[in-house]
Amino acid sequence: MNARILTLQAEINELRQQLVEHPLYAQIQTVEDFQSFMGQHIFAVWDFMSLLKALQRGLTCVELPWSPKGSPETRRFINEIVLGEESDTDADGKVASHFEMYLEAMHQIGANTLPIHQLTEWISYGKSVEEALYQLDINEETKDFVRFTFSVIETEEMHKIASVFTFGREDLIPDMFIEILREMKTQGQENISKLLYYLERHIEIDGGDHGPISLRMIEEICGDDDEKWLEATACAKTALEMRIKLWNGLMTPSYSNTSSED
């Protein structure tokens, strides 16, 4: 593996470990816990698509007339991810984006979908992301998470966007929650089946070549440019910090107080 990639991974390892060991995972055990979690996490599911589309726009040709752009391997990787995220098949075999699948899981489990519907509706009417966020009744940590994502997208600098995508958005959720959901299902909880499918599908989709190819994408974009590697590292760190803050915002006060006393 490229020595620069190894250096970057070493730089972010402590933050990544904080995410792996975050106390939020132990707190989420019931349907009500998942309802609260999903009501905020849906915004990370939503803004991930804009992050991905920014990569597709910057690393593949989406203009007319068409001409080859970037490396064929990177083009294939990006287009495979777009295919999987934007037009996968749900638990009933219907074509749906992962965002739409997550919304269906929220409806099934009884989570509040009003804020995310307000966001997408207001944006369709021409409001900016910032204007829409300002009006939403959601956690400030969730708003800041989305703001950071779009601040990186707005740079239009592919090494920064690719770094956040590769190192900041690797999905830890399936590994942390899937066993809890499976246990809940064996106890007769049927209203979590779509969330369970969503998480199991993520494990299936994200397996295989996606990890190594995303690292090669970073190598290709950054090349031998020292400044790009430094900026990619800084973006990865900030992305992980924003995810930690997002998780912190989901901690219940009673659990946070108990944790701090241990």
# chains A, B, ... in the order shown; residues from 1 in each chain; ligands from 1
>>> residues_around(residues="segment 188-203 of chain A", least_positions_apart="3", cutoff="12 Å", atoms="only C-alpha atoms", output="number ranges by chain")
A: 30-32, 34-35, 37-38, 42, 45, 81, 84-85, 88-93, 96-111, 170-185, 206-208, 210-211
>>> closest_atom_pairs(of="segment 85-162 of chain A", to="segment 52-63 of chain A", cutoff="9 Å", atoms="only C-alpha atoms", output="tab-separated table")
residue	atom	partner	partner_atom	distance
A:Ile153	CA	A:Ala54	CA	6.5
A:Glu156	CA	A:Gly58	CA	7.7
A:Glu157	CA	A:Gly58	CA	8.5
A:Met158	CA	A:Gly58	CA	6.7
A:Ile161	CA	A:Leu55	CA	7.0
A:Ala162	CA	A:Leu55	CA	6.9
>>> atom_distance(atom1="atom CA of Ile78 of chain A", atom2="atom CA of Ile116 of chain A")
25.7 Å
>>> closest_residue(among="A:Thr166, A:Ser71, A:Ser128, A:Thr155", to="Lys237 of chain A", atoms="only C-alpha atoms")
A:Thr166
